[in-house]
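Student: Coordinates in query-v4.cif, mmCIF, C-alpha atoms and all ligand atoms, are listed below.
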```
data_target
#
loop_
_atom_site.label_atom_id
_atom_site.label_comp_id
_atom_site.auth_asym_id
_atom_site.auth_seq_id
_atom_site.Cartn_x
_atom_site.Cartn_y
_atom_site.Cartn_z
CA MET A 71 0.00 0.00 0.00
CA LYS A 72 1.46 3.34 -1.05
CA THR A 73 1.50 6.04 1.56
CA ASN A 74 2.48 8.88 -0.74
CA SER A 75 -0.85 10.21 -1.98
CA GLN A 76 0.81 11.78 -5.02
CA ALA A 77 1.79 8.31 -6.16
CA ALA A 78 -1.52 6.65 -5.23
CA LYS A 79 -3.66 5.44 -8.08
CA THR A 80 -6.94 7.16 -8.95
CA LEU A 81 -9.75 4.92 -7.80
CA LEU A 82 -12.77 7.04 -8.70
CA GLN A 83 -13.01 9.83 -11.25
CA ILE A 84 -16.29 11.74 -11.49
CA SER A 85 -16.41 14.14 -14.44
CA ASN A 86 -19.11 16.73 -15.15
CA LEU A 87 -21.78 14.62 -13.44
CA LYS A 88 -25.31 15.94 -13.87
CA THR A 89 -28.20 14.30 -12.05
CA HIS A 90 -31.56 15.93 -12.57
CA LEU A 91 -34.98 15.22 -11.08
CA PHE A 92 -37.80 15.47 -13.57
CA LEU A 93 -40.74 16.53 -11.39
CA SER A 94 -44.15 17.91 -12.37
CA ARG A 95 -43.14 21.34 -11.00
CA GLY A 96 -40.00 21.43 -13.17
CA VAL A 97 -36.50 19.96 -13.55
CA VAL A 98 -34.54 20.06 -10.27
CA LYS A 99 -30.84 20.26 -11.18
CA ALA A 100 -29.72 18.60 -7.94
CA VAL A 101 -26.22 17.72 -9.25
CA ASP A 102 -25.14 19.96 -12.09
CA GLY A 103 -21.60 19.48 -13.35
CA VAL A 104 -19.70 17.80 -10.49
CA THR A 105 -16.03 16.86 -11.00
CA PHE A 106 -13.69 15.32 -8.42
CA ASP A 107 -11.61 12.21 -7.84
CA VAL A 108 -10.73 9.79 -5.03
CA ARG A 109 -7.40 7.97 -4.84
CA GLU A 110 -6.82 4.49 -3.44
CA GLY A 111 -6.71 4.50 0.35
CA GLU A 112 -7.88 8.12 0.52
CA THR A 113 -10.84 9.77 2.26
CA VAL A 114 -12.35 12.68 0.36
CA GLY A 115 -14.91 14.83 2.15
CA LEU A 116 -17.98 16.13 0.34
CA VAL A 117 -19.10 19.11 2.40
CA GLY A 118 -21.77 21.76 2.01
CA GLU A 119 -25.04 23.09 3.35
CA SER A 120 -28.18 21.01 3.62
CA GLY A 121 -29.75 20.46 0.21
CA SER A 122 -26.56 21.19 -1.77
CA GLY A 123 -26.64 17.81 -3.57
CA LYS A 124 -24.23 15.70 -1.50
CA SER A 125 -26.47 12.67 -1.01
CA MET A 126 -27.69 12.85 -4.60
CA THR A 127 -24.04 12.68 -5.75
CA GLY A 128 -23.50 9.58 -3.55
CA LEU A 129 -26.69 7.93 -4.79
CA SER A 130 -25.67 8.64 -8.41
CA ILE A 131 -22.44 6.67 -7.84
CA LEU A 132 -24.47 3.72 -6.57
CA ARG A 133 -27.06 4.25 -9.30
CA LEU A 134 -29.69 4.19 -6.58
CA LEU A 135 -31.57 7.35 -7.41
CA PRO A 136 -35.03 8.05 -5.99
CA ASN A 137 -37.78 6.62 -8.13
CA ILE A 138 -39.36 10.00 -8.84
CA GLY A 139 -37.89 10.77 -12.24
CA ALA A 140 -34.28 11.22 -11.09
CA ARG A 141 -31.61 10.32 -13.63
CA VAL A 142 -28.04 11.01 -14.61
CA VAL A 143 -28.21 13.18 -17.73
CA ASP A 144 -24.51 13.81 -18.37
CA GLY A 145 -20.97 13.01 -17.26
CA SER A 146 -19.08 9.89 -16.25
CA ILE A 147 -18.31 7.94 -13.06
CA THR A 148 -15.21 5.83 -13.59
CA ILE A 149 -14.11 3.33 -10.95
CA ASP A 150 -10.96 1.28 -11.58
CA GLY A 151 -11.19 2.34 -15.21
CA VAL A 152 -14.85 1.29 -15.70
CA ASN A 153 -17.51 3.93 -16.40
CA ILE A 154 -20.26 2.47 -14.25
CA LEU A 155 -22.88 4.50 -16.11
CA ASP A 156 -22.26 2.15 -19.06
CA LEU A 157 -23.03 -1.00 -17.05
CA SER A 158 -26.33 -2.87 -17.22
CA GLU A 159 -28.49 -2.98 -14.09
CA LYS A 160 -27.68 -6.72 -13.85
CA GLU A 161 -23.93 -6.02 -13.78
CA MET A 162 -24.44 -3.16 -11.34
CA ALA A 163 -26.48 -5.31 -8.92
CA GLY A 164 -24.34 -8.43 -9.32
CA GLU A 165 -20.80 -7.08 -9.08
CA TRP A 166 -20.80 -3.45 -8.04
CA ARG A 167 -23.57 -2.22 -5.76
CA GLY A 168 -22.95 -3.44 -2.21
CA ARG A 169 -19.81 -5.26 -3.29
CA ARG A 170 -17.24 -2.99 -4.95
CA ILE A 171 -19.15 0.15 -3.97
CA SER A 172 -20.99 0.32 -0.67
CA MET A 173 -22.84 2.99 1.25
CA VAL A 174 -23.53 3.95 4.81
CA SER A 175 -26.77 5.83 4.38
CA GLN A 176 -27.61 9.13 6.04
CA ASP A 177 -30.40 7.63 8.12
CA PRO A 178 -29.08 4.30 9.47
CA LEU A 179 -32.44 3.27 10.86
CA THR A 180 -33.91 3.06 7.38
CA SER A 181 -31.08 0.65 6.43
CA LEU A 182 -32.11 -1.87 9.09
CA ASN A 183 -35.22 -4.01 8.96
CA PRO A 184 -36.77 -4.26 12.45
CA LEU A 185 -38.02 -7.80 11.67
CA PHE A 186 -34.59 -9.36 10.97
CA THR A 187 -31.74 -10.08 13.35
CA PHE A 188 -28.44 -8.22 13.16
CA GLY A 189 -26.71 -11.48 12.20
CA ASP A 190 -29.06 -11.91 9.24
CA GLN A 191 -28.70 -8.32 8.10
CA VAL A 192 -24.92 -8.01 8.33
CA GLY A 193 -24.68 -11.40 6.61
CA ALA A 194 -27.00 -10.36 3.79
CA PRO A 195 -24.42 -8.63 1.50
CA PRO A 196 -21.83 -11.49 1.54
CA ARG A 197 -24.68 -14.03 1.21
CA TYR A 198 -26.17 -12.16 -1.77
CA HIS A 199 -22.78 -11.96 -3.48
CA ASN A 200 -21.90 -15.62 -2.62
CA LEU A 201 -18.70 -14.66 -0.79
CA THR A 202 -18.85 -17.42 1.82
CA SER A 203 -19.29 -21.15 1.25
CA SER A 204 -21.02 -22.32 4.44
CA ARG A 205 -23.28 -21.05 7.23
CA SER A 206 -20.50 -21.34 9.80
CA GLU A 207 -18.11 -19.35 7.57
CA LEU A 208 -20.77 -16.68 7.11
CA ARG A 209 -21.43 -16.55 10.87
CA ALA A 210 -17.70 -16.17 11.60
CA ALA A 211 -17.42 -13.36 9.03
CA VAL A 212 -20.42 -11.53 10.49
CA ILE A 213 -19.12 -11.84 14.05
CA ASP A 214 -15.73 -10.59 12.92
CA GLY A 215 -17.38 -7.63 11.14
CA LEU A 216 -19.44 -6.70 14.20
CA LYS A 217 -16.39 -6.94 16.47
CA ARG A 218 -14.50 -4.59 14.16
CA VAL A 219 -17.13 -1.91 14.74
CA SER A 220 -16.90 -2.41 18.53
CA ILE A 221 -20.28 -4.05 19.16
CA PRO A 222 -19.92 -5.59 22.64
CA ALA A 223 -20.73 -9.29 23.39
CA VAL A 224 -21.31 -10.02 19.72
CA GLU A 225 -21.60 -13.82 19.97
CA ASP A 226 -24.49 -13.52 22.44
CA ARG A 227 -26.26 -10.87 20.40
CA PHE A 228 -25.94 -12.38 16.95
CA ASP A 229 -29.67 -13.18 16.99
CA ALA A 230 -30.78 -9.87 18.52
CA TYR A 231 -33.07 -7.40 16.72
CA PRO A 232 -32.32 -3.74 15.94
CA HIS A 233 -34.64 -2.42 18.69
CA GLN A 234 -32.44 -4.16 21.28
CA PHE A 235 -29.49 -1.87 20.45
CA SER A 236 -28.80 1.81 20.94
CA GLY A 237 -28.94 4.29 18.06
CA GLY A 238 -25.15 4.57 17.97
CA GLN A 239 -24.75 0.78 17.92
CA ARG A 240 -27.22 0.53 15.04
CA GLN A 241 -25.23 3.14 13.14
CA ARG A 242 -22.07 1.05 13.64
CA VAL A 243 -23.86 -2.08 12.45
CA VAL A 244 -24.72 -0.24 9.23
CA SER A 245 -20.98 0.48 8.79
CA ALA A 246 -20.29 -3.25 9.37
CA MET A 247 -22.78 -4.07 6.59
CA ALA A 248 -21.10 -1.60 4.24
CA LEU A 249 -17.68 -3.14 4.92
CA ALA A 250 -18.85 -6.77 4.82
CA CYS A 251 -17.90 -7.39 1.16
CA SER A 252 -14.50 -5.61 1.32
CA PRO A 253 -15.54 -2.85 -1.12
CA ARG A 254 -13.16 -0.71 -3.22
CA LEU A 255 -15.16 2.45 -2.50
CA MET A 256 -17.39 3.30 0.44
CA ILE A 257 -19.74 6.27 0.44
CA ALA A 258 -20.35 7.25 4.04
CA ASP A 259 -23.23 9.72 4.33
CA GLU A 260 -23.00 11.37 7.78
CA PRO A 261 -21.81 8.01 9.25
CA THR A 262 -20.93 9.31 12.70
CA SER A 263 -23.60 11.97 13.28
CA SER A 264 -25.37 10.12 16.13
CA LEU A 265 -22.23 8.75 17.81
CA ASP A 266 -20.54 10.13 20.90
CA VAL A 267 -17.02 11.44 20.46
CA THR A 268 -15.25 8.30 21.78
CA ILE A 269 -17.11 6.00 19.41
CA GLN A 270 -16.66 8.50 16.56
CA VAL A 271 -12.92 8.35 17.06
CA GLN A 272 -13.04 4.53 17.14
CA MET A 273 -15.01 4.44 13.89
CA ILE A 274 -12.69 6.88 12.18
CA ASP A 275 -9.74 4.84 13.38
CA LEU A 276 -11.39 1.66 12.08
CA TYR A 277 -11.92 3.22 8.64
CA ARG A 278 -8.25 4.28 8.60
CA ARG A 279 -6.97 0.81 9.49
CA ILE A 280 -9.10 -0.79 6.81
CA GLN A 281 -7.86 1.75 4.27
CA GLU A 282 -4.21 1.08 5.12
CA GLY A 283 -4.69 -2.65 4.63
CA THR A 284 -6.89 -2.60 1.55
CA GLY A 285 -6.66 0.72 -0.29
CA LEU A 286 -10.38 1.34 0.35
CA GLY A 287 -11.40 4.79 -0.92
CA ILE A 288 -13.99 6.68 1.11
CA ILE A 289 -16.26 9.58 0.23
CA LEU A 290 -17.29 11.12 3.53
CA ILE A 291 -20.43 13.19 3.13
CA THR A 292 -20.87 15.70 5.92
CA HIS A 293 -22.08 19.22 6.62
CA ASP A 294 -19.56 19.41 9.45
CA LEU A 295 -16.30 20.95 8.30
CA GLY A 296 -14.63 20.05 11.60
CA THR A 297 -15.30 16.33 11.05
CA ALA A 298 -14.10 16.60 7.46
CA ALA A 299 -10.91 18.36 8.57
CA SER A 300 -10.05 15.64 11.07
CA ILE A 301 -10.72 12.69 8.75
CA CYS A 302 -10.15 13.72 5.15
CA LYS A 303 -7.08 14.13 2.99
CA ARG A 304 -8.92 16.31 0.49
CA ILE A 305 -12.33 17.99 0.53
CA ALA A 306 -14.80 19.02 -2.14
CA VAL A 307 -16.99 21.95 -1.12
CA MET A 308 -20.41 21.76 -2.73
CA TYR A 309 -22.83 24.60 -3.29
CA ALA A 310 -26.19 24.37 -5.07
CA GLY A 311 -25.35 21.25 -7.08
CA ARG A 312 -21.77 22.19 -7.98
CA ILE A 313 -18.29 21.82 -6.48
CA VAL A 314 -16.94 25.31 -5.80
CA GLU A 315 -13.59 24.30 -4.29
CA PHE A 316 -11.60 21.06 -4.19
CA GLY A 317 -8.18 20.28 -2.82
CA ASP A 318 -5.99 19.34 0.11
CA VAL A 319 -7.89 19.87 3.34
CA ARG A 320 -5.12 21.83 5.08
CA THR A 321 -4.56 24.08 2.09
CA ILE A 322 -8.26 24.84 1.93
CA PHE A 323 -8.51 25.54 5.66
CA ASN A 324 -5.42 27.77 5.64
CA ASN A 325 -6.20 29.49 2.35
CA PRO A 326 -9.85 29.13 1.33
CA ARG A 327 -10.25 30.76 -2.07
CA HIS A 328 -13.96 30.63 -2.72
CA PRO A 329 -16.07 33.15 -0.75
CA TYR A 330 -18.51 30.33 0.10
CA THR A 331 -15.73 28.20 1.62
CA GLN A 332 -14.49 31.29 3.48
CA ALA A 333 -18.00 31.82 4.90
CA LEU A 334 -18.29 28.15 5.91
CA ILE A 335 -14.95 28.27 7.74
CA ASN A 336 -15.90 31.56 9.43
CA SER A 337 -19.09 30.00 10.73
CA ILE A 338 -17.27 27.24 12.71
CA PRO A 339 -17.60 28.13 16.41
CA HIS A 340 -14.30 28.15 18.32
CA LEU A 341 -14.19 27.19 21.97
CA GLY A 342 -13.01 30.05 24.17
CA GLN A 343 -13.35 32.64 21.43
CA LYS A 344 -15.44 35.55 22.68
CA LYS A 345 -17.80 36.68 19.96
CA LYS A 346 -21.03 38.54 20.52
CA ARG A 347 -22.76 36.47 17.83
CA LEU A 348 -21.90 33.39 15.82
CA TYR A 349 -21.38 34.11 12.13
CA ALA A 350 -24.13 32.77 9.86
CA LEU A 351 -24.07 33.14 6.10
CA PRO A 352 -26.98 35.42 5.18
CA GLY A 353 -29.49 34.50 2.47
CA GLN A 354 -30.73 31.19 1.12
CA PRO A 355 -29.43 28.76 -1.52
CA PRO A 356 -30.95 29.44 -4.96
CA SER A 357 -33.76 27.58 -6.68
CA PHE A 358 -32.56 24.32 -8.23
CA ILE A 359 -35.25 24.55 -10.90
CA ASP A 360 -34.30 28.01 -12.11
CA PRO A 361 -30.78 28.63 -10.78
CA PRO A 362 -28.89 31.90 -11.42
CA THR A 363 -27.32 31.97 -14.89
CA GLY A 364 -23.89 33.05 -13.62
CA CYS A 365 -22.22 31.87 -10.43
CA ARG A 366 -24.85 30.22 -8.23
CA PHE A 367 -23.32 31.77 -5.13
CA ALA A 368 -23.41 35.34 -6.56
CA PRO A 369 -26.70 36.37 -4.88
CA ARG A 370 -25.12 35.74 -1.44
CA CYS A 371 -21.55 36.74 -2.24
CA THR A 372 -20.10 39.90 -0.67
CA LYS A 373 -17.31 39.99 -3.30
CA LYS A 374 -19.41 39.58 -6.42
CA MET A 375 -18.54 41.39 -9.65
CA THR A 376 -20.74 42.10 -12.68
CA ILE A 377 -19.44 39.06 -14.56
CA CYS A 378 -20.44 36.74 -11.67
CA GLU A 379 -24.12 37.38 -12.37
CA THR A 380 -23.86 36.62 -16.08
CA TYR A 381 -21.39 33.76 -16.70
CA PRO A 382 -20.63 30.68 -14.60
CA PRO A 383 -16.95 30.52 -13.63
CA ASP A 384 -14.78 27.62 -14.82
CA PHE A 385 -13.49 25.11 -12.27
CA ILE A 386 -9.82 26.03 -12.59
CA SER A 387 -6.86 24.23 -11.07
CA LYS A 388 -3.75 25.63 -9.47
CA THR A 389 -1.44 22.79 -8.43
CA GLY A 390 -4.38 20.54 -7.64
CA HIS A 391 -6.35 23.18 -5.70
CA ARG A 392 -9.39 23.83 -7.88
CA THR A 393 -11.80 26.73 -7.49
CA ALA A 394 -14.84 27.89 -9.43
CA CYS A 395 -14.73 31.65 -8.83
CA TRP A 396 -14.31 34.66 -11.12
CA LEU A 397 -12.00 36.28 -8.52
CA GLU A 398 -9.49 33.46 -9.16
CA GLU A 399 -9.87 33.73 -12.92
CA THR A 400 -9.28 37.49 -12.89
CA LYS A 401 -6.25 36.95 -10.60
CA GLU A 402 -4.91 34.42 -13.13
CA GLN A 403 -5.34 36.88 -15.97
CA GLY A 404 -3.63 39.60 -13.91
CA ASN A 405 -0.65 37.30 -13.26
CA ALA A 406 -0.43 36.35 -16.94
CA ALA A 407 -0.53 39.98 -18.11
N1 LIG A 501 -36.89 12.89 -3.16
C1 LIG A 501 -36.73 14.14 -3.63
N2 LIG A 501 -37.75 14.82 -4.22
C2 LIG A 501 -37.58 16.06 -4.71
N3 LIG A 501 -36.43 16.76 -4.63
C3 LIG A 501 -35.40 16.14 -4.02
C4 LIG A 501 -35.48 14.81 -3.50
N4 LIG A 501 -34.28 14.47 -2.97
C5 LIG A 501 -33.50 15.54 -3.16
N5 LIG A 501 -34.14 16.54 -3.79
C6 LIG A 501 -33.60 17.85 -4.19
O1 LIG A 501 -32.23 17.67 -4.52
C7 LIG A 501 -31.44 18.62 -3.80
C8 LIG A 501 -30.20 17.89 -3.29
O2 LIG A 501 -30.60 16.99 -2.25
P1 LIG A 501 -29.58 16.12 -1.41
O3 LIG A 501 -30.39 15.11 -0.67
O4 LIG A 501 -28.51 15.61 -2.31
O5 LIG A 501 -28.96 17.21 -0.42
P2 LIG A 501 -27.82 17.05 0.70
O6 LIG A 501 -26.68 17.94 0.32
O7 LIG A 501 -27.53 15.62 0.92
O8 LIG A 501 -28.53 17.68 1.99
P3 LIG A 501 -28.50 17.22 3.55
O9 LIG A 501 -27.21 17.74 4.13
O10 LIG A 501 -29.70 17.90 4.14
O11 LIG A 501 -28.60 15.73 3.59
C9 LIG A 501 -32.29 19.18 -2.69
O12 LIG A 501 -32.11 20.56 -2.56
C10 LIG A 501 -33.70 18.89 -3.10
O13 LIG A 501 -34.25 20.05 -3.67
MG MG A 502 -27.93 14.28 2.44
#
```
Kindly transcribe the structure held in the file into structure tokens.
Ligand SMILES: Nc1ncnc2c1ncn2[C@@H]1O[C@H](COP(=O)(O)OP(=O)(O)OP(=O)(O)O)[C@@H](O)[C@H]1O
Ligand SMILES: [Mg+2]

Tutor:
Amino acid sequence: MKTNSQAAKTLLQISNLKTHLFLSRGVVKAVDGVTFDVREGETVGLVGESGSGKSMTGLSILRLLPNIGARVVDGSITIDGVNILDLSEKEMAGEWRGRRISMVSQDPLTSLNPLFTFGDQVGAPPRYHNLTSSRSELRAAVIDGLKRVSIPAVEDRFDAYPHQFSGGQRQRVVSAMALACSPRLMIADEPTSSLDVTIQVQMIDLYRRIQEGTGLGIILITHDLGTAASICKRIAVMYAGRIVEFGDVRTIFNNPRHPYTQALINSIPHLGQKKKRLYALPGQPPSFIDPPTGCRFAPRCTKKMTICETYPPDFISKTGHRTACWLEETKEQGNAA
């Protein structure tokens, strides 16, 4: 396993992904031109306000979009060199979904059936994909998986039902299910939001150990920049269906270029810092049906220029730190002149 991220192989490349929802009230452009990549063994954070399109991006990768007229209308999602948008549903269900790509969903309770035991449910993905040859092998694999996520007294509770566990334990069981088939890529949608800090740290540590041993790539979806900063190597900041900034997490924290990222970082409360009021970004995200023609952040941006309201900025790269902002483009032109 390579430790130098520069040398690590690209595991996932998403290019210009557009996922739209065709509803009776109009076309909701939930994901509208998303580009980022994940390397082997790396955790990339997808951060942004509620409703910015994070979960819809994750569901597009799994090709598990809501059955309300949602579909990918453009772009590519390439994993290990295969554009999964070209695969048949049979190939997707048989080899990819739940096996090479797994997901910890945002609401873990909806991932667990109250009528089935934990043993049955954690065993379901390897059973479906025929990864074990006998019942005893499957049982051993499930127990091992539950131990890895720190479920106490696993052997005695193999036949227990979800209601017999705490919310945090259920969330960890969902992570065990997602890891059960040794996936290449795991999409973790707010996986630690209902865990206390000690268990959060254990889970994060568990993810890290698995990554070191296997090269598992993780997309961590979160609205919490602090969590992203402590777990991720790189982060993609999403606003109104687009990535506005992408790059190394430390570089972005030390030198956020996009005014939206700057506002997000300013709104993190700091312990011991005396402020009369916490900073909150004024205004609301735009309509996804009829978004602004220029930069989608322009209506809330304190640094906007005339061009921002007319033309969308390109997603430009400076040594791997990409930003979609006219301020950066005009700086570039100034440097070139
Ligand atoms: N089932 C749905 N029906 C209609 N619109 C939807 C549906 N799911 C998502 N959307 C639209 O797609 C946009 C993106 O939603 P998504 O769930 O990806 O947001 P998110 O970034 O994950 O937010 P959160 O942090 O609250 O989970 C939303 O603003 C919403 O307008
Ligand atoms: Mg979500």

Student: Have a look at A:Asn324, A:Ser245, A:Ser220, A:Gln272 and name the one nearest to Asn336 (chain A); count all atoms listed in the file.

Tutor: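 Of all the options, A:Asn324 lies closest to Asn336 (chain A).
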
Student: Using all atoms listed in the file, pick whichever of A:Ala248, A:Leu134, A:Ile154, A:Leu276 has the shortest atom-to-atom distance to ligand LIG 501 (chain A).

Tutor: A:Leu134

Student: Which protein, DNA or RNA residues have an atom within 10 Å of ligand LIG 501 (chain A), counting all atoms listed in the file, as a JSON list (two decimals) with C-alpha atoms, in the frame of the given file?

Tutor:
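In the end it all went to part_15.json:
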```
[["chain", "number", "residue", "atom", "x", "y", "z"],
["A", 89, "THR", "CA", -28.20, 14.30, -12.05],
["A", 90, "HIS", "CA", -31.56, 15.93, -12.57],
["A", 91, "LEU", "CA", -34.98, 15.22, -11.08],
["A", 92, "PHE", "CA", -37.80, 15.47, -13.57],
["A", 93, "LEU", "CA", -40.74, 16.53, -11.39],
["A", 95, "ARG", "CA", -43.14, 21.34, -11.00],
["A", 97, "VAL", "CA", -36.50, 19.96, -13.55],
["A", 98, "VAL", "CA", -34.54, 20.06, -10.27],
["A", 99, "LYS", "CA", -30.84, 20.26, -11.18],
["A", 100, "ALA", "CA", -29.72, 18.60, -7.94],
["A", 101, "VAL", "CA", -26.22, 17.72, -9.25],
["A", 116, "LEU", "CA", -17.98, 16.13, 0.34],
["A", 117, "VAL", "CA", -19.10, 19.11, 2.40],
["A", 118, "GLY", "CA", -21.77, 21.76, 2.01],
["A", 119, "GLU", "CA", -25.04, 23.09, 3.35],
["A", 120, "SER", "CA", -28.18, 21.01, 3.62],
["A", 121, "GLY", "CA", -29.75, 20.46, 0.21],
["A", 122, "SER", "CA", -26.56, 21.19, -1.77],
["A", 123, "GLY", "CA", -26.64, 17.81, -3.57],
["A", 124, "LYS", "CA", -24.23, 15.70, -1.50],
["A", 125, "SER", "CA", -26.47, 12.67, -1.01],
["A", 126, "MET", "CA", -27.69, 12.85, -4.60],
["A", 127, "THR", "CA", -24.04, 12.68, -5.75],
["A", 128, "GLY", "CA", -23.50, 9.58, -3.55],
["A", 129, "LEU", "CA", -26.69, 7.93, -4.79],
["A", 130, "SER", "CA", -25.67, 8.64, -8.41],
["A", 135, "LEU", "CA", -31.57, 7.35, -7.41],
["A", 136, "PRO", "CA", -35.03, 8.05, -5.99],
["A", 137, "ASN", "CA", -37.78, 6.62, -8.13],
["A", 138, "ILE", "CA", -39.36, 10.00, -8.84],
["A", 139, "GLY", "CA", -37.89, 10.77, -12.24],
["A", 140, "ALA", "CA", -34.28, 11.22, -11.09],
["A", 176, "GLN", "CA", -27.61, 9.13, 6.04],
["A", 177, "ASP", "CA", -30.40, 7.63, 8.12],
["A", 259, "ASP", "CA", -23.23, 9.72, 4.33],
["A", 260, "GLU", "CA", -23.00, 11.37, 7.78],
["A", 291, "ILE", "CA", -20.43, 13.19, 3.13],
["A", 292, "THR", "CA", -20.87, 15.70, 5.92],
["A", 293, "HIS", "CA", -22.08, 19.22, 6.62],
["A", 294, "ASP", "CA", -19.56, 19.41, 9.45],
["A", 308, "MET", "CA", -20.41, 21.76, -2.73],
["A", 309, "TYR", "CA", -22.83, 24.60, -3.29],
["A", 310, "ALA", "CA", -26.19, 24.37, -5.07],
["A", 311, "GLY", "CA", -25.35, 21.25, -7.08],
["A", 355, "PRO", "CA", -29.43, 28.76, -1.52],
["A", 356, "PRO", "CA", -30.95, 29.44, -4.96],
["A", 357, "SER", "CA", -33.76, 27.58, -6.68],
["A", 358, "PHE", "CA", -32.56, 24.32, -8.23],
["A", 359, "ILE", "CA", -35.25, 24.55, -10.90]]
```

Student: To box region 188-194 of chain A, take all atoms listed in the file, fit an axis-aligned box, add 8 Å on each side, and give centre and edge lengths in Å to one decimal, as AutoDock Vina command-line options.

Tutor:
```
--center_x -26.9 --center_y -10.0 --center_z 8.5 --size_x 20.4 --size_y 19.9 --size_z 25.4
```

Student: Excluding region 377-387 of chain A and its own-chain neighbours fewer than 4 positions away, which residues fall within 7 Å of it when counting all atoms listed in the file? Please give them as a PyMOL selection string.

Tutor: chain A and resi 363-365+368+391-396
